[in-house]
Each structure stands twice: as C-alpha cells, then as structure tokens.
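Pasted below: model.cif, mmCIF, C-alpha atoms.
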```cif
data_final
#
loop_
_atom_site.label_atom_id
_atom_site.label_comp_id
_atom_site.auth_asym_id
_atom_site.auth_seq_id
_atom_site.Cartn_x
_atom_site.Cartn_y
_atom_site.Cartn_z
CA MET N 8 -42.02 -11.68 -34.79
CA PRO N 9 -40.98 -8.01 -34.95
CA ILE N 10 -43.57 -5.62 -36.21
CA LYS N 11 -43.55 -4.93 -39.94
CA THR N 12 -42.44 -1.36 -40.66
CA ASP N 13 -42.14 -1.43 -44.46
CA ALA N 14 -44.88 1.15 -44.91
CA VAL N 15 -43.22 3.93 -42.87
CA GLY N 16 -42.90 6.93 -45.19
CA LYS N 17 -45.24 5.48 -47.79
CA GLU N 18 -47.67 7.93 -49.39
CA TRP N 19 -51.00 7.18 -50.98
CA PRO N 20 -52.59 9.13 -53.85
CA GLY N 21 -55.40 11.56 -53.17
CA THR N 22 -59.10 10.84 -53.05
CA THR N 23 -61.57 13.63 -53.78
CA TYR N 24 -64.79 14.37 -51.90
CA GLN N 25 -67.53 16.69 -53.17
CA VAL N 26 -69.05 18.61 -50.24
CA GLY N 27 -72.82 19.12 -50.30
CA ARG N 28 -75.38 20.99 -48.21
CA GLU N 29 -77.51 17.99 -47.27
CA LYS N 30 -74.51 16.01 -46.03
CA ILE N 31 -73.39 18.91 -43.85
CA LYS N 32 -76.94 19.16 -42.47
CA GLU N 33 -77.06 15.42 -41.75
CA TYR N 34 -73.72 15.55 -39.92
CA ALA N 35 -74.66 18.63 -37.89
CA HIS N 36 -77.99 17.04 -36.88
CA ALA N 37 -76.28 13.86 -35.71
CA LEU N 38 -73.99 15.93 -33.47
CA GLY N 39 -76.82 18.17 -32.22
CA ILE N 40 -75.17 21.29 -33.65
CA ASP N 41 -77.78 23.99 -34.22
CA ASN N 42 -75.85 27.00 -35.57
CA SER N 43 -77.77 28.12 -38.67
CA VAL N 44 -74.56 28.62 -40.70
CA HIS N 45 -74.61 24.82 -41.14
CA PHE N 46 -78.19 24.74 -42.52
CA ASP N 47 -79.12 28.06 -44.04
CA VAL N 48 -77.19 29.44 -46.99
CA GLU N 49 -78.29 33.02 -46.27
CA ALA N 50 -77.08 32.79 -42.67
CA ALA N 51 -73.82 31.27 -43.87
CA ARG N 52 -73.25 34.04 -46.43
CA ALA N 53 -74.13 36.72 -43.89
CA ALA N 54 -71.42 35.23 -41.65
CA GLY N 55 -68.88 35.50 -44.46
CA PHE N 56 -68.92 31.96 -45.91
CA ARG N 57 -69.25 31.09 -49.61
CA ASP N 58 -72.08 28.65 -48.84
CA VAL N 59 -73.33 26.46 -45.98
CA VAL N 60 -70.22 25.71 -43.92
CA ALA N 61 -69.24 22.38 -42.39
CA PRO N 62 -68.64 21.93 -38.65
CA PRO N 63 -64.91 21.32 -38.00
CA MET N 64 -65.30 17.61 -37.25
CA PHE N 65 -67.01 17.11 -40.62
CA ALA N 66 -63.33 16.54 -41.50
CA VAL N 67 -63.94 12.85 -40.77
CA VAL N 68 -66.48 12.73 -43.61
CA TYR N 69 -64.20 14.06 -46.35
CA SER N 70 -60.81 12.86 -45.09
CA GLY N 71 -61.75 9.49 -43.55
CA PRO N 72 -62.40 7.68 -46.86
CA ALA N 73 -58.77 8.32 -47.90
CA LEU N 74 -57.64 6.04 -45.07
CA GLY N 75 -59.64 3.02 -46.25
CA PRO N 76 -57.05 1.76 -48.77
CA VAL N 77 -54.28 2.66 -46.32
CA LEU N 78 -55.55 0.51 -43.47
CA PHE N 79 -55.97 -2.49 -45.77
CA ASP N 80 -52.68 -2.03 -47.64
CA PRO N 81 -50.61 -5.24 -47.42
CA ASP N 82 -47.48 -3.10 -46.95
CA VAL N 83 -49.05 -1.84 -43.73
CA GLY N 84 -50.09 -5.36 -42.79
CA MET N 85 -52.28 -4.30 -39.91
CA ASN N 86 -54.39 -6.86 -38.05
CA PHE N 87 -57.61 -4.95 -38.62
CA ALA N 88 -59.64 -7.21 -36.32
CA ALA N 89 -57.49 -6.23 -33.30
CA MET N 90 -57.34 -2.53 -34.12
CA VAL N 91 -58.69 0.30 -32.01
CA HIS N 92 -58.60 4.01 -32.74
CA GLY N 93 -56.22 5.29 -30.05
CA GLY N 94 -55.87 8.97 -30.78
CA GLN N 95 -56.70 11.70 -33.23
CA VAL N 96 -55.48 15.18 -34.01
CA PHE N 97 -56.99 17.65 -36.45
CA GLU N 98 -55.53 21.04 -37.35
CA TRP N 99 -57.89 23.23 -39.32
CA GLY N 100 -57.17 25.84 -41.95
CA GLU N 101 -59.55 27.11 -44.63
CA PRO N 102 -63.24 26.49 -43.74
CA VAL N 103 -65.00 23.82 -45.82
CA CYS N 104 -68.24 24.84 -47.52
CA SER N 105 -70.83 23.19 -49.72
CA GLY N 106 -69.56 23.09 -53.29
CA ASP N 107 -65.95 22.53 -52.28
CA GLU N 108 -63.96 19.65 -53.71
CA ILE N 109 -61.59 18.37 -51.08
CA THR N 110 -58.66 16.13 -52.02
CA THR N 111 -57.02 14.10 -49.27
CA THR N 112 -53.63 12.40 -49.47
CA SER N 113 -52.30 10.00 -46.84
CA LYS N 114 -48.89 9.11 -45.49
CA CYS N 115 -47.62 6.61 -42.93
CA LEU N 116 -45.67 8.60 -40.33
CA SER N 117 -44.57 5.79 -38.02
CA ILE N 118 -45.10 2.18 -36.98
CA GLU N 119 -43.77 1.21 -33.55
CA GLU N 120 -44.14 -1.60 -31.10
CA LYS N 121 -44.60 -0.79 -27.43
CA ASP N 122 -45.75 -3.09 -24.62
CA GLY N 123 -46.78 -5.76 -27.09
CA LYS N 124 -48.97 -3.34 -29.02
CA GLY N 125 -48.46 -1.87 -32.45
CA PHE N 126 -48.84 1.90 -32.83
CA TYR N 127 -49.61 2.92 -36.41
CA VAL N 128 -49.62 6.65 -37.10
CA PHE N 129 -50.95 8.08 -40.36
CA GLU N 130 -51.29 11.63 -41.59
CA THR N 131 -53.94 12.93 -43.96
CA VAL N 132 -53.71 16.31 -45.64
CA SER N 133 -56.89 17.71 -47.18
CA VAL N 134 -56.83 20.62 -49.61
CA ASN N 135 -59.68 22.37 -51.38
CA GLN N 136 -60.12 23.11 -55.07
CA ASP N 137 -57.97 26.25 -54.73
CA GLY N 138 -55.12 24.34 -53.13
CA ALA N 139 -55.78 25.80 -49.66
CA GLU N 140 -55.27 23.36 -46.79
CA ALA N 141 -58.56 22.61 -45.05
CA VAL N 142 -57.39 20.14 -42.45
CA ARG N 143 -54.42 18.04 -41.46
CA GLY N 144 -55.24 14.87 -39.53
CA THR N 145 -53.02 12.59 -37.48
CA TRP N 146 -54.60 9.20 -36.88
CA THR N 147 -53.17 6.78 -34.31
CA ASN N 148 -54.39 3.20 -34.52
CA ILE N 149 -53.40 0.66 -31.89
CA VAL N 150 -53.27 -3.05 -32.63
CA ARG N 151 -53.35 -5.32 -29.59
CA GLY N 152 -51.15 -8.38 -29.47
CA VAL N 153 -48.84 -7.81 -32.45
CA MET O 25 -66.57 33.91 -22.73
CA SER O 26 -64.90 37.29 -22.31
CA GLU O 27 -61.33 37.79 -21.10
CA PRO O 28 -60.60 34.14 -20.42
CA ASN O 29 -58.15 33.30 -17.68
CA VAL O 30 -56.11 30.22 -16.98
CA GLY O 31 -58.15 27.95 -14.74
CA ASP O 32 -61.55 29.13 -16.02
CA ARG O 33 -64.04 26.31 -16.49
CA VAL O 34 -65.70 26.19 -19.89
CA PRO O 35 -69.47 25.63 -20.05
CA GLU O 36 -70.33 21.96 -19.64
CA LEU O 37 -72.04 20.12 -22.48
CA SER O 38 -74.37 17.24 -21.56
CA VAL O 39 -75.77 14.96 -24.23
CA THR O 40 -77.54 11.63 -23.90
CA PRO O 41 -77.28 9.82 -27.24
CA ASP O 42 -80.41 7.77 -27.85
CA ARG O 43 -80.45 4.11 -28.81
CA TYR O 44 -80.35 4.88 -32.53
CA LEU O 45 -77.80 7.69 -32.47
CA PRO O 46 -74.97 5.35 -33.55
CA HIS O 47 -77.03 4.49 -36.65
CA ARG O 48 -77.55 8.14 -37.51
CA TYR O 49 -73.88 8.90 -36.89
CA ALA O 50 -72.89 5.91 -39.04
CA GLY O 51 -74.98 7.32 -41.87
CA ALA O 52 -73.66 10.85 -41.38
CA SER O 53 -70.02 9.80 -41.14
CA GLY O 54 -69.94 6.77 -43.42
CA ASP O 55 -68.49 4.53 -40.67
CA PHE O 56 -70.70 1.43 -40.58
CA ASN O 57 -68.38 -0.75 -38.49
CA PRO O 58 -70.90 -3.21 -36.95
CA ILE O 59 -69.41 -2.83 -33.45
CA HIS O 60 -71.20 0.54 -33.41
CA ILE O 61 -74.60 -0.47 -34.76
CA ASP O 62 -75.14 -4.17 -34.12
CA PRO O 63 -75.38 -5.22 -30.43
CA GLU O 64 -75.23 -8.94 -31.30
CA PHE O 65 -72.10 -8.52 -33.41
CA ALA O 66 -70.51 -6.37 -30.70
CA LYS O 67 -71.20 -9.04 -28.05
CA ALA O 68 -69.79 -11.73 -30.32
CA VAL O 69 -66.45 -9.88 -30.42
CA GLY O 70 -66.35 -9.43 -26.65
CA LEU O 71 -67.89 -6.01 -26.16
CA PRO O 72 -70.72 -5.39 -23.66
CA SER O 73 -72.94 -4.17 -26.53
CA ASN O 74 -72.64 -1.79 -29.45
CA ILE O 75 -70.41 1.17 -28.57
CA LEU O 76 -70.38 4.81 -29.63
CA HIS O 77 -68.06 5.91 -32.43
CA GLY O 78 -65.00 7.56 -30.88
CA LEU O 79 -65.14 10.26 -33.54
CA TYR O 80 -68.75 11.02 -32.51
CA SER O 81 -67.55 11.68 -28.97
CA MET O 82 -64.70 13.76 -30.41
CA GLY O 83 -67.36 15.68 -32.35
CA LEU O 84 -69.06 16.54 -29.05
CA VAL O 85 -65.71 17.72 -27.65
CA ALA O 86 -65.33 19.93 -30.73
CA ARG O 87 -68.88 21.25 -30.29
CA ALA O 88 -68.25 22.09 -26.61
CA ASN O 89 -65.09 24.01 -27.50
CA ALA O 90 -66.59 25.82 -30.52
CA ALA O 91 -69.29 27.04 -28.12
CA LEU O 92 -66.62 29.25 -26.52
CA ALA O 93 -66.71 31.29 -29.72
CA GLY O 94 -70.50 31.24 -30.10
CA GLY O 95 -70.35 28.12 -32.26
CA ASP O 96 -68.26 29.82 -34.97
CA PRO O 97 -66.86 26.91 -37.03
CA ARG O 98 -63.71 28.95 -37.76
CA ALA O 99 -62.79 29.21 -34.08
CA LEU O 100 -61.50 25.68 -33.50
CA LYS O 101 -57.94 25.59 -34.82
CA ARG O 102 -56.66 22.31 -33.43
CA LEU O 103 -58.07 19.41 -31.45
CA SER O 104 -56.06 16.50 -30.13
CA VAL O 105 -57.69 13.60 -28.25
CA GLN O 106 -57.02 10.14 -26.88
CA PHE O 107 -59.81 7.59 -27.02
CA ARG O 108 -60.07 5.56 -23.84
CA GLY O 109 -63.06 3.87 -22.20
CA MET O 110 -65.83 2.78 -24.53
CA GLY O 111 -68.84 5.05 -24.88
CA ALA O 112 -72.32 3.56 -24.70
CA PRO O 113 -75.63 4.77 -26.15
CA GLU O 114 -78.42 5.80 -23.74
CA GLN O 115 -76.00 7.11 -21.12
CA GLU O 116 -75.32 10.76 -20.47
CA ILE O 117 -72.03 12.16 -21.82
CA VAL O 118 -70.63 15.18 -19.99
CA VAL O 119 -67.94 17.23 -21.73
CA SER O 120 -66.07 19.58 -19.43
CA GLY O 121 -62.94 21.66 -19.79
CA THR O 122 -60.52 24.06 -18.16
CA VAL O 123 -58.52 26.83 -19.78
CA LYS O 124 -54.87 25.81 -19.63
CA ALA O 125 -53.20 28.67 -21.49
CA VAL O 126 -54.11 32.04 -22.98
CA ASP O 127 -52.04 33.61 -25.76
CA GLY O 128 -53.61 36.75 -27.14
CA ASP O 129 -56.97 35.74 -28.65
CA ARG O 130 -56.08 32.05 -28.65
CA VAL O 131 -56.89 29.79 -25.70
CA VAL O 132 -55.89 26.21 -25.02
CA VAL O 133 -58.54 24.13 -23.25
CA ASP O 134 -58.01 20.81 -21.50
CA THR O 135 -61.15 18.81 -22.14
CA ILE O 136 -62.56 15.47 -21.00
CA ALA O 137 -65.70 13.55 -22.01
CA GLN O 138 -67.14 11.23 -19.38
CA GLN O 139 -69.99 8.80 -18.91
CA GLY O 140 -70.41 8.49 -15.16
CA GLU O 141 -66.94 7.75 -13.83
CA THR O 142 -65.63 6.50 -17.18
CA ALA O 143 -63.54 8.87 -19.29
CA ILE O 144 -64.36 8.09 -22.92
CA ILE O 145 -62.09 10.86 -24.19
CA LYS O 146 -59.22 12.12 -22.13
CA ASN O 147 -56.22 14.39 -22.52
CA ALA O 148 -58.16 16.32 -25.12
CA GLU O 149 -56.51 19.62 -25.93
CA ALA O 150 -58.35 22.24 -27.97
CA GLU O 151 -56.97 25.46 -29.41
CA VAL O 152 -59.73 27.98 -29.89
CA GLU O 153 -59.48 31.46 -31.38
CA LEU O 154 -61.89 33.87 -29.73
#
```
Could you render the structure from this file as structure tokens?
Amino acid sequence: MPIKTDAVGKEWPGTTYQVGREKIKEYAHALGIDNSVHFDVEAARAAGFRDVVAPPMFAVVYSGPALGPVLFDPDVGMNFAAMVHGGQVFEWGEPVCSGDEITTTSKCLSIEEKDGKGFYVFETVSVNQDGAEAVRGTWTNIVRGV
Amino acid sequence: MSEPNVGDRVPELSVTPDRYLPHRYAGASGDFNPIHIDPEFAKAVGLPSNILHGLYSMGLVARANAALAGGDPRALKRLSVQFRGMGAPEQEIVVSGTVKAVDGDRVVVDTIAQQGETAIIKNAEAEVEL
C-alpha cells in the first residue's frame, strides 16, 4: 500500500506556552548547564535579557507540545508505535525569557517513502508575544515498515 | 575561542548521565515516553533497556557548541542533527567537534556525540556566532 500523503501542506493552529523561571531552571539543571543567566534574574538582566533566559534547546519544551495533535492526526496516519525521531533542526531568533508567551504553529512539509520507510517532515514556527520569531524547528520522524 | 580557523577542534564535552537522568529529563522536557524511563517496557518492545531521549543528547550538543561563546544562549543560531545509535544511561557521552567553515564572526562546527564507538548523534552541524 503506498504511503498516505494527504497531510502534506496541512497546517495546525497554534498552541501557546507560558515561559517561567522555575521551568527554565529545571531544564538547565537536567542538561548540566551552569551559566547564571538561566537561574539568576540579576545576572540575566546584567547580560541584557528581560528576565531569566532559556537555553536554546529549551525550544523542545515550548514547541514540542504543538506536535502532539499533529503526530496523532488521522490525516497524517502515522504508525506511532514504529516511529523513531530521525533528525531535528532548530534555527533560533529572538531569545526566550521567563514571562514570554510563545505560540507555536505546525505544518506538514513532506511525507515520502524510501527503502520501505516513511519519512514524515514537520515544521514548527514559534513566535513570542511581540510577534518576533523565537525558533523554527524541522522535525523528521521515520516510520519503519510502512 | 579566539580567531577560529577551519580544522580547529572545539573543546570536548564529557557527561555521564546517571541512572535517573532520563526521569529528570522527562520531567524537564515533558516527554514521558516509557521507552526512556521504564526498562521493563523498553525490553518488551525490543530495546536493550531504557534509552536516552535523543533531544537530551541534542541538548548536550547545543551546550558544547554554546561553550564556544562562553555559554551565551544567543550564540547558537542553528543546529541540525541526525539521531542514530541509541544512547544509554550510565555510559559516558563525549561530544566533539571541528570547525568546518568561518564566515566573519559566524562559525560552522561539525559535531558528533558518541558513547564508546557508537555515534548517538552524527552529522550535527552547528552555526555559532562568536
């Protein structure tokens, strides 16, 4: 059966994430990141940030939830049980700080079959409360045995 | 790093995630997929045991590259990775990289994350503004 490609080009509405200091601290601790701009508001402000700033890969925390409904969308029709995360790209813009409200929209860029595997590529675009782009993510999921 | 040149090695980052790191990362990231936190579940679906989150390992690659700019979170402009071999808790991860291109104050670094001989992230390319 050829792979289902109905979802290519489909866009999903935005989900909003409220960034907070304690969550940034928790993420930075898990990654062993010790720069005080992630923990101490005074240090962050002295370095030119509005508030405690998130490490770049905190992008997964605020943009990842937007992909939940995408991966389970029947139009996508992905066999979730056979899925692995194959590749990831992030391009960063405006830094993300505590107090920001980040809205992430998703889009299906492509669905292709190659060597008996399905390659599903999604894009997320995350903007802050001022409309400035914080990060653009490209998520490649591979489904074995489509 | 001052005046980077193509071919320069970036400082290596070595981290050994402890047994419970996947639980802490699950909490921090919101990804509670049981293959990362439940060894019995992981074995039941054919894995050797619970495996590290790929995005945790990518986080270490980001940390290693941000270190080029003193850890400034604004420095990392782009990071592209491919997830390959599975990462395991309680084994040392070594992130290493080589400068591939220099364009003004922006450098492109080829990065790899390995556990022993296994590449858990490969073909990682980071753009860092110094």
8 Å contacts from chain N to chain O using all atoms listed in the file, as a ChimeraX atom specification: /N:30,33-34,37-38,40,42,60-65,67-68,92-100,102
For the point (-52.0, 8.5, -35.7) in file coordinates, what residues are within 10 Å, counting only C-alpha atoms? Give the answer as a ChimeraX atom specification? /N:92-96,115-118,126-131,144-149
If you apply the PyMOL selection byres ((chain N and resi 14) around 7) to this file, what residues do you get, as a PyMOL selection string? chain N and resi 12-13+15-17+82-83+115
Prev. selection, C-alpha atoms, output as a compact mmCIF listing (two decimals), keeping the file's coordinate frame:
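File part.txt, as written:
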```txt
# COMPACT_ATOMS: atom_id res chain seq x y z
CA THR N 12 -42.44 -1.36 -40.66
CA ASP N 13 -42.14 -1.43 -44.46
CA VAL N 15 -43.22 3.93 -42.87
CA GLY N 16 -42.90 6.93 -45.19
CA LYS N 17 -45.24 5.48 -47.79
CA ASP N 82 -47.48 -3.10 -46.95
CA VAL N 83 -49.05 -1.84 -43.73
CA CYS N 115 -47.62 6.61 -42.93
```
In Å, rounded to a single decimal, give me how far CA of Val131 in chain O is from CA of Asn29 in chain O. 8.8 Å
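CA of Asp129 in chain O sits 26.2 Å away from CA of Asp58 in chain N.
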